[in-house]
Every structure is written in structure tokens, then in C-alpha cells.
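Source file my_file.pdb; content: PDB, C-alpha atoms and all ligand atoms.
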MODEL        1
ATOM      1  CA  MET A   1     -37.821  25.011   0.239  1.00  0.00           C
ATOM      2  CA  GLN A   2     -37.489  24.390   3.990  1.00  0.00           C
ATOM      3  CA  ILE A   3     -38.725  20.801   4.232  1.00  0.00           C
ATOM      4  CA  GLY A   4     -37.443  20.273   7.774  1.00  0.00           C
ATOM      5  CA  ARG A   5     -39.197  23.404   8.974  1.00  0.00           C
ATOM      6  CA  LEU A   6     -42.365  22.464   7.080  1.00  0.00           C
ATOM      7  CA  VAL A   7     -42.493  19.046   8.755  1.00  0.00           C
ATOM      8  CA  ALA A   8     -41.798  20.542  12.200  1.00  0.00           C
ATOM      9  CA  LEU A   9     -44.518  23.191  11.780  1.00  0.00           C
ATOM     10  CA  ALA A  10     -46.972  20.704  10.252  1.00  0.00           C
ATOM     11  CA  ALA A  11     -47.049  18.655  13.447  1.00  0.00           C
ATOM     12  CA  ASP A  12     -49.245  21.242  15.150  1.00  0.00           C
ATOM     13  CA  LEU A  13     -50.103  23.618  12.357  1.00  0.00           C
ATOM     14  CA  ARG A  14     -52.636  26.307  13.172  1.00  0.00           C
ATOM     15  CA  LEU A  15     -53.437  29.224  10.886  1.00  0.00           C
ATOM     16  CA  THR A  16     -56.065  31.793  11.769  1.00  0.00           C
ATOM     17  CA  THR A  17     -58.072  34.095   9.527  1.00  0.00           C
ATOM     18  CA  GLU A  18     -60.942  36.455  10.214  1.00  0.00           C
ATOM     19  CA  ARG A  19     -63.538  33.654  10.217  1.00  0.00           C
ATOM     20  CA  LEU A  20     -61.544  30.428  10.242  1.00  0.00           C
ATOM     21  CA  VAL A  21     -59.072  28.335  12.132  1.00  0.00           C
ATOM     22  CA  ILE A  22     -57.058  25.966   9.954  1.00  0.00           C
ATOM     23  CA  ARG A  23     -55.654  23.195  12.108  1.00  0.00           C
ATOM     24  CA  ARG A  24     -54.788  19.505  12.214  1.00  0.00           C
ATOM     25  CA  VAL A  25     -57.739  17.115  11.934  1.00  0.00           C
ATOM     26  CA  ALA A  26     -58.800  16.027  15.429  1.00  0.00           C
ATOM     27  CA  GLU A  27     -60.747  13.109  16.828  1.00  0.00           C
ATOM     28  CA  ARG A  28     -63.775  15.406  17.274  1.00  0.00           C
ATOM     29  CA  ASP A  29     -63.838  16.002  13.478  1.00  0.00           C
ATOM     30  CA  VAL A  30     -64.006  12.361  12.445  1.00  0.00           C
ATOM     31  CA  ALA A  31     -67.792  12.008  12.111  1.00  0.00           C
ATOM     32  CA  THR A  32     -68.056  15.248  10.100  1.00  0.00           C
ATOM     33  CA  ALA A  33     -65.069  14.333   7.959  1.00  0.00           C
ATOM     34  CA  ILE A  34     -66.658  10.987   7.079  1.00  0.00           C
ATOM     35  CA  ALA A  35     -69.998  12.672   6.316  1.00  0.00           C
ATOM     36  CA  HIS A  36     -68.234  15.125   3.973  1.00  0.00           C
ATOM     37  CA  GLU A  37     -66.404  12.259   2.219  1.00  0.00           C
ATOM     38  CA  GLU A  38     -69.744  10.545   1.663  1.00  0.00           C
ATOM     39  CA  ASP A  39     -71.438  13.694   0.317  1.00  0.00           C
ATOM     40  CA  ARG A  40     -71.428  13.477  -3.459  1.00  0.00           C
ATOM     41  CA  ARG A  41     -72.138  17.243  -3.777  1.00  0.00           C
ATOM     42  CA  ILE A  42     -68.637  17.764  -2.365  1.00  0.00           C
ATOM     43  CA  MET A  43     -66.795  14.729  -3.689  1.00  0.00           C
ATOM     44  CA  ARG A  44     -68.138  14.409  -7.231  1.00  0.00           C
ATOM     45  CA  TRP A  45     -65.254  16.533  -8.512  1.00  0.00           C
ATOM     46  CA  ILE A  46     -62.634  14.695  -6.487  1.00  0.00           C
ATOM     47  CA  ARG A  47     -63.168  10.949  -6.613  1.00  0.00           C
ATOM     48  CA  ASP A  48     -65.790   8.274  -7.042  1.00  0.00           C
ATOM     49  CA  ALA A  49     -67.658   6.933  -4.033  1.00  0.00           C
ATOM     50  CA  LEU A  50     -65.667   4.630  -1.765  1.00  0.00           C
ATOM     51  CA  PRO A  51     -66.880   1.973   0.694  1.00  0.00           C
ATOM     52  CA  ARG A  52     -67.461   3.366   4.180  1.00  0.00           C
ATOM     53  CA  ASP A  53     -64.638   1.407   5.791  1.00  0.00           C
ATOM     54  CA  GLU A  54     -62.191   2.782   3.246  1.00  0.00           C
ATOM     55  CA  ILE A  55     -63.419   6.332   3.904  1.00  0.00           C
ATOM     56  CA  ALA A  56     -63.091   5.812   7.661  1.00  0.00           C
ATOM     57  CA  ALA A  57     -59.530   4.521   7.207  1.00  0.00           C
ATOM     58  CA  ARG A  58     -58.618   7.526   5.046  1.00  0.00           C
ATOM     59  CA  VAL A  59     -60.006   9.925   7.656  1.00  0.00           C
ATOM     60  CA  ARG A  60     -58.188   8.113  10.483  1.00  0.00           C
ATOM     61  CA  ASP A  61     -54.972   8.403   8.485  1.00  0.00           C
ATOM     62  CA  THR A  62     -55.258  12.205   8.542  1.00  0.00           C
ATOM     63  CA  LEU A  63     -54.932  12.137  12.363  1.00  0.00           C
ATOM     64  CA  GLY A  64     -51.450  10.651  12.288  1.00  0.00           C
ATOM     65  CA  PRO A  65     -48.004  12.149  11.777  1.00  0.00           C
ATOM     66  CA  TRP A  66     -46.973  13.655   8.445  1.00  0.00           C
ATOM     67  CA  GLY A  67     -43.446  13.567   7.114  1.00  0.00           C
ATOM     68  CA  ALA A  68     -43.597  15.349   3.748  1.00  0.00           C
ATOM     69  CA  ASP A  69     -42.992  12.089   1.899  1.00  0.00           C
ATOM     70  CA  ASP A  70     -43.437  12.745  -1.793  1.00  0.00           C
ATOM     71  CA  GLY A  71     -47.101  12.579  -2.698  1.00  0.00           C
ATOM     72  CA  ARG A  72     -48.622  12.202   0.810  1.00  0.00           C
ATOM     73  CA  TRP A  73     -51.289  14.792   1.609  1.00  0.00           C
ATOM     74  CA  LEU A  74     -51.378  16.751   4.848  1.00  0.00           C
ATOM     75  CA  VAL A  75     -55.091  17.252   5.425  1.00  0.00           C
ATOM     76  CA  LEU A  76     -56.159  20.158   7.628  1.00  0.00           C
ATOM     77  CA  THR A  77     -59.551  21.017   9.055  1.00  0.00           C
ATOM     78  CA  ALA A  78     -61.007  24.380   8.074  1.00  0.00           C
ATOM     79  CA  ALA A  79     -63.093  25.178  11.152  1.00  0.00           C
ATOM     80  CA  ALA A  80     -65.301  28.146  12.035  1.00  0.00           C
ATOM     81  CA  SER A  81     -63.470  30.359  14.514  1.00  0.00           C
ATOM     82  CA  ALA A  82     -66.761  31.020  16.305  1.00  0.00           C
ATOM     83  CA  ASP A  83     -67.380  27.413  17.425  1.00  0.00           C
ATOM     84  CA  ASP A  84     -64.586  25.259  15.951  1.00  0.00           C
ATOM     85  CA  ALA A  85     -67.103  23.339  13.762  1.00  0.00           C
ATOM     86  CA  MET A  86     -65.487  21.638  10.768  1.00  0.00           C
ATOM     87  CA  LEU A  87     -66.647  23.332   7.551  1.00  0.00           C
ATOM     88  CA  GLY A  88     -64.319  21.547   5.166  1.00  0.00           C
ATOM     89  CA  ILE A  89     -60.688  20.811   4.525  1.00  0.00           C
ATOM     90  CA  VAL A  90     -57.650  22.321   2.939  1.00  0.00           C
ATOM     91  CA  CYS A  91     -54.694  20.110   2.101  1.00  0.00           C
ATOM     92  CA  PHE A  92     -51.268  20.125   0.577  1.00  0.00           C
ATOM     93  CA  ARG A  93     -48.530  17.733  -0.435  1.00  0.00           C
ATOM     94  CA  VAL A  94     -44.968  17.883  -1.585  1.00  0.00           C
ATOM     95  CA  THR A  95     -45.275  16.488  -5.084  1.00  0.00           C
ATOM     96  CA  ASP A  96     -41.510  16.112  -5.556  1.00  0.00           C
ATOM     97  CA  ARG A  97     -38.868  17.395  -3.118  1.00  0.00           C
ATOM     98  CA  ASP A  98     -36.354  18.088  -5.875  1.00  0.00           C
ATOM     99  CA  GLN A  99     -38.814  20.349  -7.660  1.00  0.00           C
ATOM    100  CA  GLU A 100     -39.618  22.246  -4.435  1.00  0.00           C
ATOM    101  CA  THR A 101     -43.245  22.192  -5.502  1.00  0.00           C
ATOM    102  CA  ILE A 102     -46.351  21.881  -3.350  1.00  0.00           C
ATOM    103  CA  GLU A 103     -49.791  20.895  -4.604  1.00  0.00           C
ATOM    104  CA  ILE A 104     -52.791  22.316  -2.772  1.00  0.00           C
ATOM    105  CA  GLY A 105     -56.420  21.239  -2.499  1.00  0.00           C
ATOM    106  CA  TYR A 106     -59.648  22.340  -0.811  1.00  0.00           C
ATOM    107  CA  ARG A 107     -63.296  21.522  -0.277  1.00  0.00           C
ATOM    108  CA  LEU A 108     -66.135  22.977   1.748  1.00  0.00           C
ATOM    109  CA  HIS A 109     -69.571  21.722   2.690  1.00  0.00           C
ATOM    110  CA  PRO A 110     -72.206  23.299   0.392  1.00  0.00           C
ATOM    111  CA  ASP A 111     -73.818  25.103   3.365  1.00  0.00           C
ATOM    112  CA  HIS A 112     -70.634  27.174   3.628  1.00  0.00           C
ATOM    113  CA  GLN A 113     -69.800  27.789  -0.009  1.00  0.00           C
ATOM    114  CA  ARG A 114     -69.996  31.134  -1.843  1.00  0.00           C
ATOM    115  CA  ARG A 115     -69.096  33.141   1.245  1.00  0.00           C
ATOM    116  CA  GLY A 116     -65.465  33.698   0.392  1.00  0.00           C
ATOM    117  CA  LEU A 117     -64.302  31.096   2.908  1.00  0.00           C
ATOM    118  CA  ALA A 118     -62.225  29.011   0.504  1.00  0.00           C
ATOM    119  CA  PHE A 119     -60.504  32.166  -0.703  1.00  0.00           C
ATOM    120  CA  GLU A 120     -59.838  33.181   2.894  1.00  0.00           C
ATOM    121  CA  ALA A 121     -58.510  29.736   3.839  1.00  0.00           C
ATOM    122  CA  MET A 122     -56.327  29.347   0.754  1.00  0.00           C
ATOM    123  CA  THR A 123     -54.878  32.833   1.093  1.00  0.00           C
ATOM    124  CA  ALA A 124     -53.713  31.870   4.587  1.00  0.00           C
ATOM    125  CA  LEU A 125     -52.385  28.503   3.445  1.00  0.00           C
ATOM    126  CA  ILE A 126     -50.481  29.911   0.467  1.00  0.00           C
ATOM    127  CA  THR A 127     -49.028  32.671   2.641  1.00  0.00           C
ATOM    128  CA  PHE A 128     -47.779  29.985   5.045  1.00  0.00           C
ATOM    129  CA  LEU A 129     -46.348  27.777   2.285  1.00  0.00           C
ATOM    130  CA  PHE A 130     -44.494  30.607   0.549  1.00  0.00           C
ATOM    131  CA  GLY A 131     -43.562  32.236   3.856  1.00  0.00           C
ATOM    132  CA  ALA A 132     -42.511  29.869   6.639  1.00  0.00           C
ATOM    133  CA  ALA A 133     -41.998  26.865   4.352  1.00  0.00           C
ATOM    134  CA  GLU A 134     -40.361  28.857   1.535  1.00  0.00           C
ATOM    135  CA  ALA A 135     -42.062  26.775  -1.154  1.00  0.00           C
ATOM    136  CA  ARG A 136     -40.800  27.702  -4.608  1.00  0.00           C
ATOM    137  CA  ARG A 137     -43.892  26.814  -6.594  1.00  0.00           C
ATOM    138  CA  ILE A 138     -47.509  25.942  -5.764  1.00  0.00           C
ATOM    139  CA  VAL A 139     -49.754  24.023  -8.144  1.00  0.00           C
ATOM    140  CA  ALA A 140     -53.335  22.804  -8.161  1.00  0.00           C
ATOM    141  CA  LEU A 141     -55.362  20.640 -10.494  1.00  0.00           C
ATOM    142  CA  CYS A 142     -59.084  20.479 -11.088  1.00  0.00           C
ATOM    143  CA  ALA A 143     -61.516  18.917 -13.531  1.00  0.00           C
ATOM    144  CA  ALA A 144     -61.901  21.287 -16.459  1.00  0.00           C
ATOM    145  CA  ASP A 145     -65.664  21.541 -15.802  1.00  0.00           C
ATOM    146  CA  ASN A 146     -65.175  22.469 -12.140  1.00  0.00           C
ATOM    147  CA  GLU A 147     -65.743  26.164 -12.626  1.00  0.00           C
ATOM    148  CA  ALA A 148     -65.928  26.978  -8.909  1.00  0.00           C
ATOM    149  CA  SER A 149     -62.474  25.509  -8.414  1.00  0.00           C
ATOM    150  CA  TRP A 150     -60.666  27.118 -11.346  1.00  0.00           C
ATOM    151  CA  ARG A 151     -62.276  30.475 -10.662  1.00  0.00           C
ATOM    152  CA  LEU A 152     -61.101  30.256  -7.051  1.00  0.00           C
ATOM    153  CA  MET A 153     -57.553  29.561  -8.281  1.00  0.00           C
ATOM    154  CA  GLU A 154     -57.699  32.536 -10.620  1.00  0.00           C
ATOM    155  CA  LYS A 155     -58.974  34.742  -7.813  1.00  0.00           C
ATOM    156  CA  LEU A 156     -55.962  33.618  -5.786  1.00  0.00           C
ATOM    157  CA  GLY A 157     -53.704  34.828  -8.591  1.00  0.00           C
ATOM    158  CA  MET A 158     -52.767  31.381  -9.884  1.00  0.00           C
ATOM    159  CA  ARG A 159     -52.103  31.086 -13.588  1.00  0.00           C
ATOM    160  CA  ARG A 160     -53.579  28.517 -15.927  1.00  0.00           C
ATOM    161  CA  GLU A 161     -50.563  26.547 -17.143  1.00  0.00           C
ATOM    162  CA  GLY A 162     -52.072  23.724 -19.066  1.00  0.00           C
ATOM    163  CA  LEU A 163     -54.711  21.147 -19.751  1.00  0.00           C
ATOM    164  CA  LEU A 164     -54.101  17.470 -19.062  1.00  0.00           C
ATOM    165  CA  ARG A 165     -56.332  15.639 -21.482  1.00  0.00           C
ATOM    166  CA  GLU A 166     -58.399  12.759 -20.068  1.00  0.00           C
ATOM    167  CA  HIS A 167     -56.231  12.770 -16.954  1.00  0.00           C
ATOM    168  CA  SER A 168     -58.702  11.515 -14.340  1.00  0.00           C
ATOM    169  CA  LYS A 169     -61.726   9.259 -14.315  1.00  0.00           C
ATOM    170  CA  LEU A 170     -64.897  10.435 -12.576  1.00  0.00           C
ATOM    171  CA  ALA A 171     -68.158   8.493 -12.700  1.00  0.00           C
ATOM    172  CA  GLY A 172     -66.796   6.276 -15.455  1.00  0.00           C
ATOM    173  CA  THR A 173     -65.782   9.157 -17.741  1.00  0.00           C
ATOM    174  CA  TRP A 174     -62.257  10.319 -18.462  1.00  0.00           C
ATOM    175  CA  CYS A 175     -62.037  14.034 -17.660  1.00  0.00           C
ATOM    176  CA  ASP A 176     -59.659  16.741 -18.776  1.00  0.00           C
ATOM    177  CA  GLU A 177     -57.892  18.482 -15.901  1.00  0.00           C
ATOM    178  CA  LEU A 178     -56.637  22.036 -15.670  1.00  0.00           C
ATOM    179  CA  VAL A 179     -53.257  22.769 -14.118  1.00  0.00           C
ATOM    180  CA  TYR A 180     -52.738  26.042 -12.274  1.00  0.00           C
ATOM    181  CA  GLY A 181     -49.463  27.309 -10.854  1.00  0.00           C
ATOM    182  CA  LEU A 182     -48.045  30.144  -8.803  1.00  0.00           C
ATOM    183  CA  LEU A 183     -44.407  31.037  -8.098  1.00  0.00           C
ATOM    184  CA  ARG A 184     -43.231  32.515  -4.823  1.00  0.00           C
ATOM    185  CA  ARG A 185     -42.007  35.693  -6.490  1.00  0.00           C
ATOM    186  CA  GLU A 186     -45.492  36.229  -7.967  1.00  0.00           C
ATOM    187  CA  TRP A 187     -47.327  36.024  -4.649  1.00  0.00           C
ATOM    188  CA  THR A 188     -48.840  39.125  -3.238  1.00  0.00           C
ATOM    189  CA  PRO A 189     -51.725  38.224  -0.957  1.00  0.00           C
ATOM    190  CA  PRO A 190     -54.789  39.183  -3.016  1.00  0.00           C
ATOM    191  CA  ILE A 191     -57.177  41.838  -1.782  1.00  0.00           C
ATOM    192  CA  ASP A 192     -60.776  40.628  -1.648  1.00  0.00           C
TER
HETATM  193  C1  LIG B   1     -64.279  25.020  -4.941  1.00  0.00           C
HETATM  194  C2  LIG B   1     -64.855  25.447  -3.585  1.00  0.00           C
HETATM  195  C3  LIG B   1     -63.901  25.016  -2.478  1.00  0.00           C
HETATM  196  C4  LIG B   1     -65.014  26.972  -3.567  1.00  0.00           C
HETATM  197  O1  LIG B   1     -65.366  27.339  -2.243  1.00  0.00           O
HETATM  198  P1  LIG B   1     -66.130  28.685  -1.869  1.00  0.00           P
HETATM  199  O2  LIG B   1     -65.899  28.958  -0.427  1.00  0.00           O
HETATM  200  O3  LIG B   1     -67.511  28.593  -2.337  1.00  0.00           O
HETATM  201  O4  LIG B   1     -65.335  29.758  -2.727  1.00  0.00           O
HETATM  202  P2  LIG B   1     -65.305  31.322  -2.421  1.00  0.00           P
HETATM  203  O5  LIG B   1     -66.632  31.743  -1.880  1.00  0.00           O
HETATM  204  O6  LIG B   1     -64.091  31.621  -1.618  1.00  0.00           O
HETATM  205  O7  LIG B   1     -65.186  31.922  -3.892  1.00  0.00           O
HETATM  206  C5  LIG B   1     -63.946  32.334  -4.458  1.00  0.00           C
HETATM  207  C6  LIG B   1     -64.168  32.527  -5.941  1.00  0.00           C
HETATM  208  O8  LIG B   1     -64.379  31.261  -6.558  1.00  0.00           O
HETATM  209  C7  LIG B   1     -65.352  31.403  -7.596  1.00  0.00           C
HETATM  210  N1  LIG B   1     -66.508  30.547  -7.304  1.00  0.00           N
HETATM  211  C8  LIG B   1     -66.799  29.935  -6.131  1.00  0.00           C
HETATM  212  N2  LIG B   1     -67.898  29.180  -6.273  1.00  0.00           N
HETATM  213  C9  LIG B   1     -68.296  29.314  -7.542  1.00  0.00           C
HETATM  214  C10 LIG B   1     -69.363  28.765  -8.300  1.00  0.00           C
HETATM  215  N3  LIG B   1     -70.249  27.901  -7.756  1.00  0.00           N
HETATM  216  N4  LIG B   1     -69.462  29.092  -9.617  1.00  0.00           N
HETATM  217  C11 LIG B   1     -68.577  29.938 -10.184  1.00  0.00           C
HETATM  218  N5  LIG B   1     -67.542  30.495  -9.521  1.00  0.00           N
HETATM  219  C12 LIG B   1     -67.408  30.193  -8.209  1.00  0.00           C
HETATM  220  C13 LIG B   1     -65.703  32.855  -7.689  1.00  0.00           C
HETATM  221  O9  LIG B   1     -64.819  33.466  -8.612  1.00  0.00           O
HETATM  222  C14 LIG B   1     -65.401  33.330  -6.293  1.00  0.00           C
HETATM  223  O10 LIG B   1     -65.088  34.680  -6.231  1.00  0.00           O
HETATM  224  P3  LIG B   1     -66.290  35.779  -6.124  1.00  0.00           P
HETATM  225  O11 LIG B   1     -67.170  35.352  -4.999  1.00  0.00           O
HETATM  226  O12 LIG B   1     -65.553  37.061  -5.855  1.00  0.00           O
HETATM  227  O13 LIG B   1     -66.992  35.716  -7.433  1.00  0.00           O
HETATM  228  C15 LIG B   1     -66.255  24.802  -3.341  1.00  0.00           C
HETATM  229  O14 LIG B   1     -67.068  25.098  -4.451  1.00  0.00           O
HETATM  230  C16 LIG B   1     -66.211  23.303  -3.127  1.00  0.00           C
HETATM  231  O15 LIG B   1     -65.932  22.845  -2.033  1.00  0.00           O
HETATM  232  N6  LIG B   1     -66.549  22.539  -4.178  1.00  0.00           N
HETATM  233  C17 LIG B   1     -66.646  21.068  -4.055  1.00  0.00           C
HETATM  234  C18 LIG B   1     -65.306  20.413  -3.851  1.00  0.00           C
HETATM  235  C19 LIG B   1     -64.333  20.766  -4.948  1.00  0.00           C
HETATM  236  O16 LIG B   1     -64.680  20.863  -6.123  1.00  0.00           O
HETATM  237  N7  LIG B   1     -63.059  20.951  -4.537  1.00  0.00           N
HETATM  238  C20 LIG B   1     -62.000  21.270  -5.477  1.00  0.00           C
HETATM  239  C21 LIG B   1     -61.554  20.035  -6.183  1.00  0.00           C
HETATM  240  S1  LIG B   1     -60.304  20.450  -7.388  1.00  0.00           S
ENDMDL
END

Represent the structure from my file as C-alpha cells, please.
Amino acid sequence: MQIGRLVALAADLRLTTERLVIRRVAERDVATAIAHEEDRRIMRWIRDALPRDEIAARVRDTLGPWGADDGRWLVLTAAASADDAMLGIVCFRVTDRDQETIEIGYRLHPDHQRRGLAFEAMTALITFLFGAAEARRIVALCAADNEASWRLMEKLGMRREGLLREHSKLAGTWCDELVYGLLRREWTPPID
């Protein structure tokens, strides 16, 4: 994996698709990003509600530099190409440099779901990670009941690799999580 190149490209990353621009989070996104973090329809699968100041600090953190330190997410805005409005985020992190593995994540506001946008965004992101960054392996995790998420991963060609029993706690309940993975040699950009 080309970590140096990944970090250099991440500084001003911009990927374009038919309907989206995927780019670094900008000051103009902050209010929307906070609103999305506070929207339980989006976040119920990701984490429990946080105090507003903690959410604001998390969002502010996404504006700063990213160095591919193990475990630190690079959060990117998925914006409409028509007007640059933030529709959601896609993100990735180097889980462990030695394993040359990158974990990916995604979320969209409900007004923009079920239009193929997450598939479009993640196809572009995976193409970048396997292409320019030469990632060896991409993984993603989701709550076992999050059907939208695991179906998206399967549509992207990711394989179900395992089930982590009671791996995360959401709304006071321990949840099983599914693990999906994809190797660079398996990646052929899927046809919608
Ligand atoms: C998961 C999520 C990003 C999917 O976004 P999306 O833009 O609606 O997904 P797409 O329209 O690109 O759909 C891709 C595939 O995912 C599956 N899918 C998406 N939404 C689904 C739903 N509500 N129920 C079942 N399958 C669904 C389908 O297989 C779909 O392919 P198809 O349209 O050909 O049937 C979105 O539901 C979301 O933001 N959820 C809340 C946050 C979240 O759970 N993030 C992931 C945490 S692990």
C-alpha cells in the first residue's frame, strides 16, 4: 500500500462521479454535518447520541489534516455535483499499516437514500483506494440488522467474512456486527 501517496492525495482529495463530488469537509459543511450527526435516522446504526459540543468538536476535527495514523478516520463530504450541497459522508481509515488494510464507512441523509448514491460514491472511493493508494484489502463492518448497509456492501462485490458477536453497543443493547471484505485482485468496478 502507498501510504505516503495516500496521505499526500488525502490533503485535497476530490473524486467526481456522475452525480457527486467527494471532497474534504469544508467550513461551509459544518452546520449540515452537525445536523446529520444529530439525526437519529442516520446515526442509530452508528453510535448513540452525543452531547452537541462533542458532536461539534468531532465535526471540527474532520476539517484538519489527516496523517493515516492507525485508526483515525478521514471523513469526506459527499456533495451533489449540481450545487455542492452536502448529502452525507464517506470515510476511510487505515486500520493497521502492517496489514495494508483500509476500513470504509458511509452515510447519507434519508432524503437522498435509495437513489443509488451510496453505491456511486463507494464505487469511486474503492476505485481510488485500490488504484492510487494501492490498498491491499478493504473491509467494512455494520450491525447485523442494518440490511441497507450489508446489501450495499454486497452490491459493491464485498464478501461476508464473518460475524462478530455482541461487538458493539447501540441504545443499551449489545449488537452482532457483520464483517465484509474485498481484496484488490477481486475488484472490478461493478456495473449498476
Ligand atoms: C446504508 C446507506 C448509506 C445506503 O445508502 P443508499 O444511497 O440508500 O444506497 P443505494 O441507493 O446506493 O443502494 C445500494 C444497494 O443497497 C441496498 N439498500 C439500500 N437501501 C436499502 C434498504 N433501505 N433496504 C434494503 N436494501 C437497501 C440495495 O441492495 C441497493 O441496491 P438496489 O437499489 O439495486 O436494490 C443508507 O441507508 C444510510 O445512510 N443509512 C444510515 C447510516 C448507516 O447505516 N450507515 C452505515 C453504517 S455501517

Residue IDs satisfying the PyMOL selection byres (((not hetatm)) within 8 of (chain B and resi 1)), as a CSV table (one decimal) with C-alpha atoms, in the coordinates of the input:
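See expr_26.csv below for the written result:
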chain,number,residue,atom,x,y,z
A,41,ARG,CA,-72.1,17.2,-3.8
A,42,ILE,CA,-68.6,17.8,-2.4
A,43,MET,CA,-66.8,14.7,-3.7
A,44,ARG,CA,-68.1,14.4,-7.2
A,45,TRP,CA,-65.3,16.5,-8.5
A,46,ILE,CA,-62.6,14.7,-6.5
A,88,GLY,CA,-64.3,21.5,5.2
A,105,GLY,CA,-56.4,21.2,-2.5
A,106,TYR,CA,-59.6,22.3,-0.8
A,107,ARG,CA,-63.3,21.5,-0.3
A,108,LEU,CA,-66.1,23.0,1.7
A,109,HIS,CA,-69.6,21.7,2.7
A,110,PRO,CA,-72.2,23.3,0.4
A,112,HIS,CA,-70.6,27.2,3.6
A,113,GLN,CA,-69.8,27.8,0.0
A,114,ARG,CA,-70.0,31.1,-1.8
A,115,ARG,CA,-69.1,33.1,1.2
A,116,GLY,CA,-65.5,33.7,0.4
A,117,LEU,CA,-64.3,31.1,2.9
A,118,ALA,CA,-62.2,29.0,0.5
A,119,PHE,CA,-60.5,32.2,-0.7
A,120,GLU,CA,-59.8,33.2,2.9
A,140,ALA,CA,-53.3,22.8,-8.2
A,141,LEU,CA,-55.4,20.6,-10.5
A,142,CYS,CA,-59.1,20.5,-11.1
A,143,ALA,CA,-61.5,18.9,-13.5
A,146,ASN,CA,-65.2,22.5,-12.1
A,147,GLU,CA,-65.7,26.2,-12.6
A,148,ALA,CA,-65.9,27.0,-8.9
A,149,SER,CA,-62.5,25.5,-8.4
A,150,TRP,CA,-60.7,27.1,-11.3
A,151,ARG,CA,-62.3,30.5,-10.7
A,152,LEU,CA,-61.1,30.3,-7.1
A,153,MET,CA,-57.6,29.6,-8.3
A,154,GLU,CA,-57.7,32.5,-10.6
A,155,LYS,CA,-59.0,34.7,-7.8
A,192,ASP,CA,-60.8,40.6,-1.6

Residue among A:Arg184, A:Arg47, A:His36, A:Arg24 lying closest to Ala133 in chain A, counting only C-alpha atoms:
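When distances to Ala133 in chain A are compared using only C-alpha atoms, the smallest one comes from A:Arg184.
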
Could you please determine the separation between CA of Asp61 in chain A and CA of Thr17 in chain A in Å, to one decimal place?
25.9 Å

Which residues are near Val25 in chain A? Cut-off 9 Å, all atoms listed in the file, ignore same chain within fewer than 2 positions. Put them as JSON, numbers by chain.
{"A": [23, 27, 28, 29, 30, 33, 59, 62, 63, 75, 76, 77, 78, 89]}

One-decimal distance in Å that lies between CA of Leu178 in chain A and CA of Arg160 in chain A:
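CA of Leu178 in chain A lies at a distance of 7.2 Å from CA of Arg160 in chain A.
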
In Å to one decimal, how far is CA of Thr188 in chain A from CA of Thr127 in chain A?
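Answer for the CA of Thr127 in chain A to CA of Thr188 in chain A separation: 8.7 Å.
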
Which residues would end up in the selection if the PyMOL selection byres (((chain A and resi 91-93) around 8) and not hetatm) were applied here, given that I need the answer as a ChimeraX atom specification?
/A:68,70-76,89-90,94-95,102-106

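If you apply the PyMOL selection byres (((chain A and resi 79) around 8) and not hetatm) to this structure, you end up with Leu20, Val21, Ile22, Arg23, Thr77, Ala78, Ala80, Ser81, Asp83, Asp84, Ala85, Met86, Leu87 and Gly88 of chain A.
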
Skipping near chain neighbours, those fewer than 3 positions away, what residues fall within 6 Å of Met1 in chain A using only C-alpha atoms, listed as a PyMOL selection string?
chain A and resi 100+134-135

Using all atoms listed in the file for the distances, tell me which of A:Glu18, A:Ala10, A:Tyr180, A:Arg97 is nearest to Ala82 in chain A.
A:Glu18

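The smallest atom-to-atom distance between Leu129 in chain A and any of A:Trp187, A:Arg40, A:Met158, A:Arg58, using all atoms listed in the file, is found for A:Trp187.
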
When you look at Ile55 in chain A with a cut-off of 10 Å (counting only C-alpha atoms), what residues show up, excluding the ones that are within fewer than 2 positions of it in the same chain? I need them as a PyMOL selection string.
chain A and resi 33-35+37-38+49-53+57-61

Enumerate, as a PyMOL selection string, the protein, DNA and RNA residues whose atoms approach (-42.5, 18.1, 11.3) to within 12 Å, taking into account only C-alpha atoms and the coordinate frame of the file.
chain A and resi 2-13+64-69+74+133
